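Q: Got a structure for you, model23.cif, holding mmCIF, C-alpha atoms and all ligand atoms.
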```
data_start
#
loop_
_atom_site.label_atom_id
_atom_site.label_comp_id
_atom_site.auth_asym_id
_atom_site.auth_seq_id
_atom_site.Cartn_x
_atom_site.Cartn_y
_atom_site.Cartn_z
CA MET S 1 0.89 -2.46 48.66
CA LYS S 2 -0.13 -2.90 45.06
CA LYS S 3 3.06 -1.34 43.79
CA LEU S 4 5.13 -3.81 45.79
CA SER S 5 3.38 -6.83 44.27
CA GLN S 6 3.81 -5.33 40.82
CA SER S 7 7.51 -4.93 41.27
CA LYS S 8 7.66 -8.49 42.62
CA ALA S 9 6.07 -9.66 39.39
CA LEU S 10 8.59 -7.62 37.46
CA ILE S 11 11.48 -9.17 39.37
CA ARG S 12 10.07 -12.63 38.69
CA LYS S 13 9.58 -11.92 34.99
CA LYS S 14 13.04 -10.44 34.69
CA ALA S 15 14.60 -13.49 36.31
CA ALA S 16 12.68 -15.76 33.92
CA GLY S 17 13.77 -13.72 30.90
CA LEU S 18 10.22 -12.68 30.07
CA CYS S 19 8.91 -9.48 28.53
CA LEU S 20 8.34 -6.84 31.21
CA GLU S 21 5.25 -5.36 29.53
CA LYS S 22 2.08 -5.73 31.58
CA HIS S 23 -0.02 -8.81 30.70
CA CYS S 24 2.55 -10.03 28.18
CA ARG S 25 3.79 -13.59 28.56
CA ARG S 26 6.26 -13.76 25.68
CA LYS S 27 10.01 -14.08 26.08
CA ALA S 28 12.08 -10.93 26.01
CA ARG S 29 14.62 -10.46 23.23
CA LYS S 30 18.19 -11.36 24.06
CA GLN S 31 19.81 -8.73 26.30
CA ARG S 32 16.54 -6.78 26.24
CA THR S 33 13.64 -6.27 28.62
CA ARG S 34 10.80 -6.64 26.13
CA CYS S 35 9.59 -8.97 23.39
CA ASN S 36 9.56 -7.93 19.74
CA THR S 37 5.81 -7.28 19.71
CA CYS S 38 5.81 -5.02 22.76
CA ALA S 39 8.98 -3.21 21.69
CA SER S 40 7.55 -2.33 18.28
CA ARG S 41 4.19 -1.35 19.80
CA ARG S 42 5.99 1.03 22.15
CA TRP S 43 8.00 2.44 19.26
CA ARG S 44 4.85 3.00 17.18
CA ALA S 45 3.17 4.77 20.10
CA ALA S 46 6.21 6.97 20.65
CA ASN S 47 6.81 7.76 16.95
CA PRO S 48 3.35 7.87 15.29
CA ILE S 49 4.40 10.17 12.43
CA HIS S 50 7.52 8.21 11.56
CA TYR S 51 5.47 5.00 11.68
CA LEU S 52 2.83 6.37 9.29
CA TRP S 53 5.60 7.48 6.91
CA ILE S 54 7.07 3.96 6.84
CA ASN S 55 3.57 2.53 6.36
CA LEU S 56 2.72 4.82 3.45
CA ARG S 57 6.08 4.15 1.78
CA HIS S 58 5.59 0.40 2.17
CA HIS S 59 2.11 0.43 0.63
CA ALA S 60 3.25 2.74 -2.17
CA LYS S 61 5.99 0.26 -3.02
CA GLN S 62 3.55 -2.65 -2.87
CA ARG S 63 1.26 -0.91 -5.34
CA GLY S 64 4.15 0.11 -7.58
CA HIS S 65 3.92 3.87 -6.99
CA ALA S 66 6.93 6.15 -6.83
CA PHE S 67 7.68 7.54 -3.38
CA THR S 68 10.00 10.49 -2.84
CA ILE S 69 8.59 12.05 0.33
CA THR S 70 11.29 12.61 2.94
CA ARG S 71 10.69 12.24 6.66
CA ALA S 72 10.93 16.01 7.18
CA GLU S 73 8.40 16.65 4.39
CA TRP S 74 6.06 14.05 5.88
CA ALA S 75 6.34 15.61 9.33
CA ALA S 76 5.48 19.01 7.85
CA PHE S 77 2.53 17.46 5.97
CA CYS S 78 1.18 15.89 9.17
CA LYS S 79 1.62 19.10 11.11
CA ARG S 80 -0.25 21.08 8.44
CA THR S 81 -3.11 18.60 7.82
CA LYS S 82 -3.36 16.85 11.23
CA TYR S 83 -3.47 13.60 9.26
CA HIS S 84 -1.90 11.59 12.10
CA GLU S 85 -4.66 12.72 14.47
CA GLU S 86 -7.65 12.24 12.18
CA LYS S 87 -6.73 9.20 10.13
CA GLY S 88 -8.82 6.05 10.54
CA ARG S 89 -11.56 3.89 9.06
CA ASP S 90 -14.62 6.10 9.52
CA PRO S 91 -16.07 7.98 6.55
CA ASP S 92 -14.98 11.18 8.30
CA SER S 93 -11.38 10.09 8.76
CA LEU S 94 -8.60 11.44 6.65
CA THR S 95 -6.80 9.57 3.89
CA VAL S 96 -3.76 10.54 1.86
CA GLU S 97 -4.82 11.50 -1.63
CA ARG S 98 -2.58 11.87 -4.68
CA LYS S 99 -3.69 15.02 -6.51
CA ASN S 100 -2.61 13.57 -9.85
CA GLU S 101 -3.29 9.86 -9.80
CA ASN S 102 -0.82 9.24 -12.64
CA GLN S 103 1.98 10.48 -10.40
CA GLY S 104 3.37 8.73 -7.35
CA TYR S 105 3.72 9.92 -3.78
CA HIS S 106 5.68 13.16 -4.04
CA PHE S 107 5.49 16.03 -1.60
CA TRP S 108 3.78 18.26 -4.16
CA ASN S 109 1.31 15.53 -5.15
CA ILE S 110 -0.27 14.60 -1.82
CA THR S 111 -3.13 16.12 0.08
CA VAL S 112 -5.73 14.84 2.54
CA LEU S 113 -9.26 13.75 1.76
CA ARG S 114 -12.09 12.32 3.86
CA HIS S 115 -12.69 8.60 3.30
CA ALA S 116 -16.25 9.16 2.07
CA GLU S 117 -15.10 11.64 -0.57
CA ASN S 118 -12.29 9.31 -1.66
CA ARG S 119 -14.79 6.44 -2.13
CA ARG S 120 -17.28 8.68 -3.93
CA ARG S 121 -14.62 9.75 -6.43
CA SER S 122 -13.78 6.19 -7.37
CA TYR S 123 -17.50 5.40 -7.92
CA VAL S 124 -18.02 8.46 -10.06
CA LYS S 125 -15.11 7.31 -12.19
CA TYR S 126 -16.60 3.82 -12.47
CA PHE S 127 -20.04 5.07 -13.51
CA ALA S 128 -18.52 7.45 -16.03
CA HIS S 129 -16.62 4.53 -17.51
CA ALA S 130 -19.81 2.45 -17.73
CA GLY S 131 -21.56 5.25 -19.62
CA ILE S 132 -23.84 6.18 -16.75
CA ASP S 133 -24.68 9.82 -16.20
CA TYR S 134 -24.59 10.45 -12.49
CA ALA S 135 -26.88 13.46 -12.78
CA LYS S 136 -29.75 11.36 -14.19
CA GLU S 137 -32.12 9.15 -12.21
CA PRO S 138 -31.04 5.47 -12.03
CA TRP S 139 -33.81 4.19 -14.37
CA GLU S 140 -32.89 6.76 -17.04
CA ASN S 141 -29.52 5.08 -17.54
CA PRO S 142 -28.82 1.92 -19.56
CA LEU S 143 -27.67 -1.25 -17.80
ZN ZN L 201 5.80 -8.42 25.33
#
```
Would you mind giving the structure from this file in C-alpha cells?

A:
Amino acid sequence: MKKLSQSKALIRKKAAGLCLEKHCRRKARKQRTRCNTCASRRWRAANPIHYLWINLRHHAKQRGHAFTITRAEWAAFCKRTKYHEEKGRDPDSLTVERKNENQGYHFWNITVLRHAENRRRSYVKYFAHAGIDYAKEPWENPL
C-alpha cells in the first residue's frame, strides 16, 4: 500500500516538473528528473573519490599551491591510505599533508596525517618562531 502512494507522489511530482528526490520540493532541471542540488548530491555519493580530488584541487588553487595529481594517482592514494573513509573533522580523522610545505600538491609530496598531529605541528612552528622552547615549562619561557 505504501509503495503505491509513493509512486502516486512520484507521478504527481513528475507531472508538475518537480525534483523526484524524496522530501525535495525544488523544480527539476529542464529535461531532467532532479534538481541541481539533488543531482550533485547523488553524484558526490556515487563518486566520493573523484569528488575529493576536485575538492582538493580547488582548495589548492585557492591557496595558490601547484597541483599536478592526476585522478588515477589520487585513486591509488585513497586506496593505499583509506583517506576517503577516514577523513573528517575529528582529531582522529585524516588530512592530506604535504611532506615538503614549500612544494605544492604532487603525487610524491602528499601523505596522510591525523588532524591533531597536523594542528600540533603548526603550533610547534609558531612557538619556535616566537622563541619559546617547547621542552621547557611555560613559566620558564619569555612572553
Ligand atoms: Zn531535489

Q: Choose the residue, out of S:Thr111, S:Glu73, S:Ala60, S:Cys19, that has the smallest atom-to-atom separation from Lys99 in chain S; count all atoms listed in the file.

A: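 For Lys99 in chain S, the nearest of the given residues is S:Thr111.
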
Q: Have a look at CA of Asp92 in chain S and CA of Ala116 in chain S and let me know their distance in Å, one decimal.

A: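 Computed distance, CA of Asp92 in chain S to CA of Ala116 in chain S, equals 6.7 Å.
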
Q: Pick from S:Cys78, S:Lys14, S:Ser7, S:Cys24: nearest to ligand ZN 201 (chain L), with all atoms listed in the file counted?

A: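 Nearest candidate to ligand ZN 201 (chain L) out of S:Cys78, S:Lys14, S:Ser7, S:Cys24: S:Cys24.
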
Q: Go through the chains and note each residue within 8 Å of ligand ZN 201 (chain L), using only C-alpha atoms and all ligand atoms, then give the set as a PyMOL selection string.

A: chain S and resi 18-28+34-39

Q: Which residues are near range 47-55 of chain S? Cut-off 9 Å, all atoms listed in the file, ignore same chain within fewer than 4 positions. Put them as a ChimeraX atom specification.

A: /S:42-43,59-60,69-71,74-75,78,84

Q: With distances taken over only C-alpha atoms, which of S:Arg121, S:Lys30, S:His115, S:Arg41 is nearest to Ser93 in chain S?

A: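 The answer is S:His115, which sits nearest to Ser93 in chain S.
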
Q: By how many Å are CA of Gln103 in chain S and CA of Thr68 in chain S apart?

A: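 Atom-to-atom, CA of Gln103 in chain S to CA of Thr68 in chain S, that is 11.0 Å.
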
Q: Edge lengths and centre, in Å to one decimal, as lines of an AutoDock Vina configuration file: that's what I need for the box along x, y and z that holds all listed atoms of range 80-96 of chain S plus 6 Å on each side.

A:
```
center_x = -8.2
center_y = 12.5
center_z = 8.2
size_x = 27.8
size_y = 29.2
size_z = 24.6
```

Q: Do you know which residues are at most 9 Å from Asn109 in chain S counting all atoms listed in the file, after dropping those on the same chain fewer than 5 positions away, and could you put them as a list in words?

A: Glu97, Arg98, Lys99, Asn100, Glu101, Gln103 and Gly104 of chain S

Q: Please provide the set of residues having any atom within 8 Å of Thr95 in chain S, restricted to all atoms listed in the file, with same-chain residues fewer than 2 positions apart removed, written as an mmCIF file with C-alpha atoms, keeping the file's coordinate frame.

A:
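Produced file result-v2.cif, reproduced below:
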```cif
data_model
loop_
_atom_site.group_PDB
_atom_site.id
_atom_site.type_symbol
_atom_site.label_atom_id
_atom_site.label_comp_id
_atom_site.auth_asym_id
_atom_site.auth_seq_id
_atom_site.Cartn_x
_atom_site.Cartn_y
_atom_site.Cartn_z
ATOM 1 C CA TYR S 83 -3.470 13.600 9.260
ATOM 2 C CA LYS S 87 -6.730 9.200 10.130
ATOM 3 C CA GLY S 88 -8.820 6.050 10.540
ATOM 4 C CA SER S 93 -11.380 10.090 8.760
ATOM 5 C CA GLU S 97 -4.820 11.500 -1.630
ATOM 6 C CA VAL S 112 -5.730 14.840 2.540
ATOM 7 C CA LEU S 113 -9.260 13.750 1.760
ATOM 8 C CA ARG S 114 -12.090 12.320 3.860
ATOM 9 C CA HIS S 115 -12.690 8.600 3.300
ATOM 10 C CA ASN S 118 -12.290 9.310 -1.660
#
```

Q: Taking into account only C-alpha atoms, which residue in the set S:Lys8, S:Thr81, S:Pro91, S:Arg44 is nearest to Arg120 in chain S?

A: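 Ranking S:Lys8, S:Thr81, S:Pro91, S:Arg44 by distance to Arg120 in chain S, first place goes to S:Pro91.
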
Q: Write out as a list of chain:residue names which residues come within 12 Å of Arg63 in chain S when counting only C-alpha atoms, dropping same-chain ones fewer than 5 positions away.

A: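 Result of the neighbour search: S:Leu56, S:Arg57, S:His58, S:Gly104, S:Tyr105.
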
Q: Please measure the separation of CA of Leu94 in chain S and CA of Val124 in chain S, giving the value in Å to one decimal.

A: 19.4 Å
